[in-house]
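Asker: Contents are compact mmCIF, C-alpha atoms; file name entry10.txt:
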```
# COMPACT_ATOMS: atom_id res chain seq x y z
CA MET E 1 4.32 -11.03 -75.99
CA THR E 2 1.49 -12.21 -78.25
CA ASP E 3 -1.08 -9.94 -79.88
CA LYS E 4 -3.57 -10.98 -77.22
CA ALA E 5 -1.05 -9.99 -74.55
CA LEU E 6 -0.97 -6.46 -75.91
CA GLU E 7 -4.57 -6.11 -74.71
CA ILE E 8 -3.77 -7.31 -71.20
CA SER E 9 -4.35 -4.69 -68.55
CA SER E 10 -1.81 -3.73 -65.91
CA PRO E 11 -1.64 -4.69 -63.10
CA ILE E 12 -2.16 -8.39 -63.71
CA GLY E 13 -3.00 -10.80 -60.90
CA LEU E 14 -0.92 -13.95 -60.42
CA VAL E 15 -2.61 -16.59 -58.26
CA ALA E 16 0.68 -18.05 -57.05
CA GLY E 17 1.24 -21.61 -55.90
CA GLY E 18 4.52 -23.32 -55.09
CA GLY E 19 7.80 -23.53 -56.97
CA ALA E 20 9.87 -21.01 -58.91
CA MET E 21 7.45 -20.35 -61.78
CA PRO E 22 5.27 -17.63 -60.17
CA PHE E 23 8.37 -15.50 -59.70
CA ALA E 24 9.75 -16.23 -63.18
CA VAL E 25 6.42 -15.08 -64.65
CA ALA E 26 6.38 -12.01 -62.42
CA ASP E 27 9.92 -11.08 -63.51
CA SER E 28 8.97 -11.54 -67.17
CA LEU E 29 5.94 -9.27 -66.75
CA VAL E 30 8.05 -6.58 -65.09
CA ALA E 31 10.55 -6.79 -67.97
CA HIS E 32 7.66 -6.13 -70.39
CA GLY E 33 6.36 -3.16 -68.40
CA VAL E 34 3.39 -4.96 -66.83
CA ASN E 35 2.94 -4.72 -63.06
CA PRO E 36 2.18 -8.05 -61.34
CA VAL E 37 0.31 -8.45 -58.07
CA LEU E 38 0.78 -11.87 -56.49
CA PHE E 39 -2.09 -13.51 -54.62
CA ALA E 40 -0.03 -16.07 -52.72
CA LEU E 41 -1.68 -19.34 -51.71
CA ARG E 42 -0.99 -20.18 -48.07
CA GLY E 43 0.96 -23.38 -47.60
CA ALA E 44 2.19 -23.36 -51.21
CA CYS E 45 3.80 -20.05 -52.24
CA ASP E 46 7.34 -19.28 -51.04
CA PRO E 47 6.97 -16.67 -48.26
CA VAL E 48 10.50 -15.32 -48.76
CA ARG E 49 10.56 -14.92 -52.54
CA VAL E 50 7.10 -13.38 -52.67
CA GLU E 51 8.35 -10.41 -50.63
CA ARG E 52 10.00 -8.97 -53.79
CA PHE E 53 6.57 -8.22 -55.22
CA ARG E 54 3.34 -6.55 -54.22
CA HIS E 55 1.30 -9.40 -52.78
CA HIS E 56 -1.57 -10.61 -50.63
CA TRP E 57 -2.05 -13.97 -48.91
CA ILE E 58 -5.16 -16.03 -49.60
CA SER E 59 -6.24 -19.54 -48.64
CA VAL E 60 -7.90 -22.18 -50.78
CA GLY E 61 -11.64 -21.74 -50.25
CA GLN E 62 -11.49 -17.97 -49.68
CA TYR E 63 -13.20 -17.08 -52.94
CA GLY E 64 -14.93 -14.02 -51.49
CA ARG E 65 -11.69 -12.62 -50.05
CA ALA E 66 -9.81 -13.33 -53.28
CA VAL E 67 -12.39 -11.57 -55.46
CA SER E 68 -12.42 -8.56 -53.15
CA LEU E 69 -8.62 -8.32 -53.35
CA PHE E 70 -8.59 -8.75 -57.15
CA ARG E 71 -11.02 -5.85 -57.47
CA ALA E 72 -9.26 -3.67 -54.90
CA GLU E 73 -6.01 -4.08 -56.86
CA ASN E 74 -7.82 -3.47 -60.18
CA CYS E 75 -6.63 -6.84 -61.53
CA ARG E 76 -9.03 -7.68 -64.34
CA ASP E 77 -6.70 -10.26 -65.90
CA LEU E 78 -5.63 -13.28 -63.84
CA VAL E 79 -3.10 -16.10 -64.25
CA PHE E 80 -2.95 -19.37 -62.29
CA ILE E 81 0.69 -20.41 -61.90
CA GLY E 82 2.70 -22.70 -59.61
CA THR E 83 2.21 -26.05 -57.96
CA LEU E 84 -0.58 -26.87 -55.54
CA VAL E 85 -1.54 -30.16 -53.93
CA ARG E 86 -5.21 -30.70 -54.72
CA PRO E 87 -7.07 -30.28 -51.39
CA ALA E 88 -9.85 -32.53 -50.20
CA LEU E 89 -13.17 -30.71 -49.87
CA SER E 90 -13.02 -31.39 -46.12
CA GLU E 91 -9.75 -29.40 -45.95
CA VAL E 92 -11.14 -26.31 -47.69
CA ARG E 93 -12.01 -23.43 -45.33
CA LEU E 94 -14.99 -21.75 -46.96
CA ASP E 95 -15.81 -18.06 -46.61
CA TRP E 96 -19.19 -16.44 -47.37
CA GLY E 97 -18.16 -15.67 -50.94
CA THR E 98 -17.44 -19.35 -51.54
CA LEU E 99 -20.71 -20.47 -49.95
CA ARG E 100 -22.55 -18.27 -52.47
CA ILE E 101 -21.17 -20.35 -55.35
CA ILE E 102 -20.86 -23.72 -53.61
CA PRO E 103 -22.80 -25.70 -56.27
CA ARG E 104 -20.36 -24.56 -58.94
CA VAL E 105 -17.35 -25.27 -56.69
CA LEU E 106 -18.63 -28.80 -56.03
CA ALA E 107 -19.09 -29.34 -59.77
CA ALA E 108 -15.50 -28.19 -60.40
CA PHE E 109 -14.17 -30.70 -57.85
CA ARG E 110 -15.93 -33.60 -59.61
CA GLY E 111 -13.17 -34.26 -62.12
CA GLY E 112 -9.43 -34.21 -62.70
CA ASP E 113 -7.07 -31.31 -62.09
CA ASP E 114 -7.69 -29.70 -65.48
CA HIS E 115 -11.46 -29.86 -64.88
CA LEU E 116 -10.99 -28.28 -61.46
CA LEU E 117 -8.82 -25.42 -62.72
CA SER E 118 -10.99 -24.67 -65.74
CA GLY E 119 -14.08 -24.84 -63.51
CA ILE E 120 -12.70 -22.29 -61.05
CA GLY E 121 -11.54 -20.16 -63.99
CA GLY E 122 -15.05 -20.24 -65.41
CA ILE E 123 -16.51 -19.07 -62.09
CA LEU E 124 -14.09 -16.13 -62.04
CA GLU E 125 -14.92 -15.21 -65.63
CA ARG E 126 -18.63 -15.13 -64.79
CA ASP E 127 -17.72 -12.63 -62.07
CA GLY E 128 -16.11 -10.31 -64.61
CA PHE E 129 -12.45 -11.40 -64.63
CA ARG E 130 -10.47 -12.75 -67.58
CA MET E 131 -8.25 -15.80 -67.29
CA VAL E 132 -5.10 -15.62 -69.40
CA GLY E 133 -2.28 -18.10 -69.87
CA ILE E 134 1.50 -18.11 -69.85
CA ARG E 135 1.48 -18.26 -73.65
CA ASP E 136 -0.13 -14.81 -73.63
CA VAL E 137 1.80 -13.08 -70.85
CA ALA E 138 5.26 -14.72 -70.75
CA PRO E 139 5.96 -16.64 -73.98
CA ASP E 140 9.70 -16.25 -73.34
CA LEU E 141 9.34 -18.95 -70.66
CA LEU E 142 8.04 -21.57 -73.11
CA MET E 143 10.04 -24.38 -74.69
CA PRO E 144 11.27 -23.51 -78.21
CA ASP E 145 11.18 -25.93 -81.13
CA GLY E 146 14.29 -28.02 -81.70
CA CYS E 147 17.15 -29.42 -79.63
CA LEU E 148 18.58 -27.25 -76.84
CA THR E 149 21.53 -29.50 -76.06
CA ARG E 150 24.67 -30.83 -77.73
CA ALA E 151 23.24 -34.36 -77.60
CA ALA E 152 20.35 -35.10 -79.96
CA PRO E 153 17.88 -38.02 -80.21
CA ASP E 154 19.05 -41.00 -82.27
CA GLY E 155 16.76 -43.31 -84.25
CA SER E 156 15.77 -45.35 -81.19
CA ALA E 157 14.91 -42.23 -79.22
CA VAL E 158 12.89 -40.80 -82.11
CA ALA E 159 10.79 -44.00 -82.15
CA ASP E 160 10.32 -43.82 -78.37
CA ILE E 161 9.20 -40.19 -78.65
CA ALA E 162 6.60 -41.13 -81.27
CA ARG E 163 5.27 -43.93 -79.04
CA GLY E 164 5.14 -41.59 -76.05
CA ARG E 165 3.11 -39.02 -77.95
CA GLU E 166 0.65 -41.70 -79.04
CA VAL E 167 0.19 -42.85 -75.44
CA LEU E 168 -0.32 -39.32 -74.10
CA LYS E 169 -2.86 -38.58 -76.84
CA ALA E 170 -4.80 -41.70 -75.88
CA LEU E 171 -4.69 -40.90 -72.14
CA GLY E 172 -5.55 -37.20 -72.53
CA PRO E 173 -9.35 -37.52 -72.27
CA TYR E 174 -8.96 -39.30 -68.92
CA ASP E 175 -7.07 -36.36 -67.31
CA ILE E 176 -4.41 -38.72 -65.88
CA GLY E 177 -1.02 -37.10 -66.48
CA GLN E 178 1.16 -35.16 -68.86
CA ALA E 179 4.26 -37.36 -69.07
CA VAL E 180 5.30 -40.89 -69.98
CA VAL E 181 8.61 -42.80 -70.08
CA VAL E 182 9.22 -45.08 -73.06
CA ILE E 183 12.30 -47.31 -73.35
CA ASP E 184 12.94 -49.25 -76.57
CA GLY E 185 9.28 -49.00 -77.51
CA HIS E 186 8.01 -50.18 -74.11
CA VAL E 187 5.94 -47.88 -71.90
CA VAL E 188 7.55 -48.29 -68.48
CA GLY E 189 5.78 -45.51 -66.57
CA VAL E 190 2.99 -42.95 -66.81
CA GLU E 191 2.74 -39.80 -64.71
CA ASP E 192 0.20 -40.02 -61.91
CA ILE E 193 -0.57 -38.06 -58.75
CA GLU E 194 3.17 -38.12 -57.84
CA GLY E 195 3.97 -35.87 -60.81
CA THR E 196 6.94 -36.04 -63.16
CA ASP E 197 9.52 -36.18 -60.37
CA GLY E 198 7.74 -39.17 -58.89
CA LEU E 199 7.55 -40.87 -62.29
CA LEU E 200 11.29 -40.49 -62.85
CA ALA E 201 12.09 -41.69 -59.31
CA ARG E 202 9.94 -44.76 -59.96
CA VAL E 203 11.81 -45.53 -63.19
CA ALA E 204 15.16 -45.11 -61.37
CA ARG E 205 13.97 -47.53 -58.70
CA LEU E 206 12.84 -50.08 -61.29
CA ARG E 207 16.27 -49.88 -62.93
CA ALA E 208 17.98 -50.38 -59.56
CA GLU E 209 15.80 -53.43 -58.95
CA ARG E 210 16.68 -54.69 -62.46
CA ARG E 211 13.03 -54.82 -63.42
CA ILE E 212 14.06 -52.62 -66.35
CA ARG E 213 16.81 -54.49 -68.17
CA ALA E 214 17.59 -51.95 -70.90
CA LYS E 215 21.03 -50.46 -70.47
CA ALA E 216 21.42 -46.92 -69.16
CA GLY E 217 21.34 -44.20 -71.78
CA ARG E 218 18.19 -45.49 -73.49
CA GLY E 219 14.63 -44.26 -73.20
CA VAL E 220 12.89 -40.91 -73.23
CA LEU E 221 10.68 -38.84 -70.95
CA VAL E 222 7.94 -37.38 -73.15
CA LYS E 223 5.80 -34.49 -71.87
CA ALA E 224 2.81 -32.88 -73.57
CA PRO E 225 -0.42 -31.11 -72.59
CA LYS E 226 -3.49 -33.31 -72.38
CA SER E 227 -5.61 -33.39 -75.55
CA GLY E 228 -8.47 -30.95 -75.22
CA GLN E 229 -6.81 -29.22 -72.27
CA ASP E 230 -7.47 -25.53 -71.68
CA LEU E 231 -3.92 -24.27 -72.26
CA ARG E 232 -4.41 -21.34 -69.92
CA PHE E 233 -4.16 -23.77 -67.01
CA ASP E 234 -1.63 -26.32 -65.75
CA LEU E 235 0.82 -26.37 -68.65
CA PRO E 236 3.54 -29.03 -68.36
CA THR E 237 6.65 -27.66 -66.65
CA MET E 238 10.26 -28.80 -66.61
CA GLY E 239 13.46 -27.51 -65.06
CA PRO E 240 16.89 -28.65 -63.84
CA ARG E 241 15.27 -31.04 -61.36
CA THR E 242 13.50 -32.78 -64.26
CA VAL E 243 16.83 -33.24 -66.03
CA GLU E 244 18.44 -34.57 -62.85
CA GLY E 245 15.57 -37.05 -62.51
CA ALA E 246 15.99 -38.22 -66.11
CA ILE E 247 19.72 -38.71 -65.53
CA ALA E 248 19.08 -40.72 -62.36
CA ALA E 249 16.54 -42.82 -64.30
CA GLY E 250 19.21 -43.63 -66.91
CA LEU E 251 17.31 -42.06 -69.81
CA ALA E 252 18.77 -40.78 -73.05
CA GLY E 253 16.81 -37.56 -72.91
CA ILE E 254 13.66 -35.50 -72.59
CA ALA E 255 11.22 -34.50 -75.33
CA ILE E 256 8.57 -31.86 -74.61
CA VAL E 257 6.07 -30.09 -76.82
CA ALA E 258 7.36 -26.68 -77.92
CA GLY E 259 5.24 -23.62 -77.22
CA ASN E 260 3.04 -25.48 -74.72
CA THR E 261 5.56 -26.36 -71.99
CA ILE E 262 7.14 -24.02 -69.44
CA VAL E 263 10.92 -24.23 -68.97
CA ALA E 264 12.21 -23.07 -65.60
CA GLU E 265 15.86 -21.93 -65.44
CA PRO E 266 16.66 -22.83 -69.08
CA GLN E 267 20.40 -22.19 -68.80
CA ALA E 268 20.68 -24.56 -65.85
CA VAL E 269 18.63 -27.10 -67.82
CA ILE E 270 21.09 -26.97 -70.72
CA GLU E 271 24.20 -27.09 -68.53
CA THR E 272 22.91 -30.02 -66.47
CA ALA E 273 21.89 -31.97 -69.58
CA ASP E 274 25.12 -31.29 -71.48
CA ALA E 275 27.22 -32.37 -68.50
CA ALA E 276 25.47 -35.75 -68.53
CA ARG E 277 25.24 -36.01 -72.35
CA VAL E 278 21.47 -36.29 -72.38
CA PHE E 279 19.26 -34.42 -74.83
CA VAL E 280 16.43 -31.95 -74.28
CA THR E 281 14.39 -31.29 -77.40
CA GLY E 282 11.25 -29.34 -78.27
CA LEU E 283 8.67 -31.14 -80.39
CA PRO E 284 6.32 -29.54 -82.93
CA ALA E 285 2.90 -28.97 -81.37
```
Rewrite the structure from the file as structure tokens, please.
Answerer:
Amino acid sequence: MTDKALEISSPIGLVAGGGAMPFAVADSLVAHGVNPVLFALRGACDPVRVERFRHHWISVGQYGRAVSLFRAENCRDLVFIGTLVRPALSEVRLDWGTLRIIPRVLAAFRGGDDHLLSGIGGILERDGFRMVGIRDVAPDLLMPDGCLTRAAPDGSAVADIARGREVLKALGPYDIGQAVVVIDGHVVGVEDIEGTDGLLARVARLRAERRIRAKAGRGVLVKAPKSGQDLRFDLPTMGPRTVEGAIAAGLAGIAIVAGNTIVAEPQAVIETADAARVFVTGLPA
């Protein structure tokens, strides 16, 4: 854990969305002697896996209920972790605590996902909580620098990685996505609302339709946080499914920024990549 993490109070509250990451973070906290309490988002968090931990269920829009539960559990420090489909305002069921801060909630919704998350985090901080990130509480889940796999990027892949980083840096201020696919210097896809899995499926489809003519085994998926992003929220994430998607898309490998990207099930990532002879490498931040 980082020096900042040594100041984190126990228990710590995990606002838990979908996927495996809330439970990986909870397990890491337990291993470091910090007690997690999961505040599971209805419709997103896995109802079976959450049973292993102390938890409460909350719905999007129940700000008043959430704050009451945070305080009852003595959770001063909070982490947002896991996937969540951004709701429309018309789908949010507001409680009285949310109505009290509705102007600030509306302001948070007027922007991209990073703006929304940082806006909600700011509201919580004004109510006396502290938002912390994965880098502070579970750095063991972050991508290390260097190549994890037997395969490594060749000269063509290195050039594609450089181009991908340039594109992501340019797109960062627009809060569009955190990933891009570059093949032989050509940008063939940028992450959008479908996420990384959707991007890779699109590239696989374009290959099948022969709209991408480059032979299989060329091209790179590049992932990085958005420039100016609050790194406590919405860090890029990859896991075995990402590797499987890159294989199906016929790519040579995956390059992600070290220290700022979460790796789910790292051993499975390495085994899946090595079996297909694709690379997974961590880039200097």
Asker: Can you pull out every residue within 12 Å of E:Ala276, counting only C-alpha atoms, but drop anything in the same chain fewer than 4 positions away, and send it as a list in words?
Answerer: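 Within the cut-off, the hits are Thr149, Arg150, Ala151, Ala216, Gly217, Val243, Glu244, Gly245, Ala246, Ile247, Ala248, Gly250, Leu251, Ala252, Gly253, Val269, Ile270, Glu271, Thr272 and Val280 of chain E.
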Asker: Name the closest residue to E:Glu125 among the candidates E:Val79, E:Ile161, E:Leu142, E:Ala31; distances are taken between atoms, counting only C-alpha atoms.
Answerer: E:Val79
Asker: Name the closest residue to E:Arg130 among the candidates E:Arg165, E:Arg232, E:Arg213, E:Arg241; distances are taken between atoms, counting all atoms listed in the file.
Answerer: E:Arg232
Asker: Would you mind listing what lies within 12 Å of E:Asp27 as a list in words, with only C-alpha atoms counted and same-chain residues fewer than 2 positions away left out?
Answerer: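 Once the adjacent positions are removed, what remains is Leu14, Ala20, Met21, Pro22, Phe23, Ala24, Val25, Leu29, Val30, Ala31, His32, Gly33, Val34, Asn35, Pro36, Val37, Leu38, Arg49, Val50, Arg52, Phe53, Val137, Ala138, Asp140 and Leu141 of chain E.
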Asker: Nearest to E:Arg218 among E:Phe129, E:Phe279, E:Tyr63, E:Tyr174, with distances taken over only C-alpha atoms: which residue is it?
Answerer: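 Checking each of E:Phe129, E:Phe279, E:Tyr63, E:Tyr174 against E:Arg218, counting only C-alpha atoms, the winner is E:Phe279.
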Asker: Tell me, in Å to one decimal, how far atom CA of E:Glu73 is from atom CA of E:Val15.
Answerer: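 Atom-to-atom, atom CA of E:Glu73 to atom CA of E:Val15, that is 13.0 Å.
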Asker: Enter the distance from atom CA of E:Asp136 to atom CA of E:Thr237, in Å, rounded to one decimal.
Answerer: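 Taking atom CA of E:Asp136 as the start and atom CA of E:Thr237 as the end point, the length is 16.1 Å.
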Asker: Which residues, written as a list of chain:residue names, have at least one atom at most 9 Å from E:Thr242, with only C-alpha atoms counted and residues fewer than 6 positions away on the same chain left out?
Answerer: E:Thr196, E:Asp197, E:Leu200, E:Ile254, E:Val269
Asker: Would you output that residue set with C-alpha atoms, as a PDB file, keeping the file's coordinate frame?
Answerer:
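File written: selection-v1.pdb
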```
ATOM      1  CA  THR E 196       6.940 -36.040 -63.160  1.00  0.00           C
ATOM      2  CA  ASP E 197       9.520 -36.180 -60.370  1.00  0.00           C
ATOM      3  CA  LEU E 200      11.290 -40.490 -62.850  1.00  0.00           C
ATOM      4  CA  ILE E 254      13.660 -35.500 -72.590  1.00  0.00           C
ATOM      5  CA  VAL E 269      18.630 -27.100 -67.820  1.00  0.00           C
TER       6      VAL E 269
END
```
Asker: Hey, which of E:Met131, E:Ala170, E:Ala26, E:Leu124 ends up closest to E:Ser68? Count only C-alpha atoms.
Answerer: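 That would be E:Leu124, the residue with the smallest distance to E:Ser68.
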Asker: For a test of reading the model, state the distance in Å between atom CA of E:Ser9 and atom CA of E:Leu78, rounded to one decimal.
Answerer: 9.9 Å
Asker: Identify which of the residues E:Gly122, E:Val48, E:Ser59, E:Ser10 lies closest to E:Asn74, counting all atoms listed in the file when measuring atom-to-atom distances.
Answerer: E:Ser10
Asker: I'd like to know which of E:Asp77, E:Ala264, E:Val220, E:Leu41 is closest to E:Thr281, using all atoms listed in the file.
Answerer: E:Val220
Asker: Here's a test: counting all atoms listed in the file, identify every protein, DNA and RNA residue with an atom at most 7 Å from (5.8, -31.0, -69.7) in the file's coordinate frame, and state them as a list of chain:residue names.
Answerer: E:Gln178, E:Ala179, E:Lys223, E:Ala224, E:Pro225, E:Leu235, E:Pro236, E:Thr237, E:Met238, E:Ile256, E:Thr261
Asker: Go ahead and write the residues just picked, C-alpha atoms, as a short mmCIF file (atom, residue, chain, number, x, y, z; two decimals), keeping the file's coordinate frame.
Answerer:
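Dumped to again29.cif:
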```
data_model
loop_
_atom_site.label_atom_id
_atom_site.label_comp_id
_atom_site.auth_asym_id
_atom_site.auth_seq_id
_atom_site.Cartn_x
_atom_site.Cartn_y
_atom_site.Cartn_z
CA GLN E 178 1.16 -35.16 -68.86
CA ALA E 179 4.26 -37.36 -69.07
CA LYS E 223 5.80 -34.49 -71.87
CA ALA E 224 2.81 -32.88 -73.57
CA PRO E 225 -0.42 -31.11 -72.59
CA LEU E 235 0.82 -26.37 -68.65
CA PRO E 236 3.54 -29.03 -68.36
CA THR E 237 6.65 -27.66 -66.65
CA MET E 238 10.26 -28.80 -66.61
CA ILE E 256 8.57 -31.86 -74.61
CA THR E 261 5.56 -26.36 -71.99
#
```
Asker: Within 9 Å of (13.8, -49.1, -75.0), all atoms listed in the file: residues as a PyMOL selection string?
Answerer: chain E and resi 156-157+160+182-187+214-215+218-220
Asker: Just the residues within 9 Å of stretch 43-47 of chain E, please, counting all atoms listed in the file, with nothing from its chain fewer than 5 positions along; format it as a compact mmCIF listing (two decimals) with C-alpha atoms, in the coordinates of the input.
Answerer:
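New file out-v5.txt:
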```txt
# COMPACT_ATOMS: atom_id res chain seq x y z
CA ALA E 16 0.68 -18.05 -57.05
CA GLY E 17 1.24 -21.61 -55.90
CA GLY E 18 4.52 -23.32 -55.09
CA GLY E 19 7.80 -23.53 -56.97
CA ALA E 20 9.87 -21.01 -58.91
CA PRO E 22 5.27 -17.63 -60.17
CA SER E 59 -6.24 -19.54 -48.64
CA GLY E 82 2.70 -22.70 -59.61
CA THR E 83 2.21 -26.05 -57.96
CA LEU E 84 -0.58 -26.87 -55.54
CA VAL E 85 -1.54 -30.16 -53.93
```
Asker: Find the spatial neighbours of E:Val67, counting only C-alpha atoms, within a cut-off of 9 Å - ignore same-chain residues fewer than 4 positions away - and output them as a list in words.
Answerer: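 What passes the distance filter is Gln62, Tyr63, Arg71, Ala72, Gly97, Leu124 and Asp127 of chain E.
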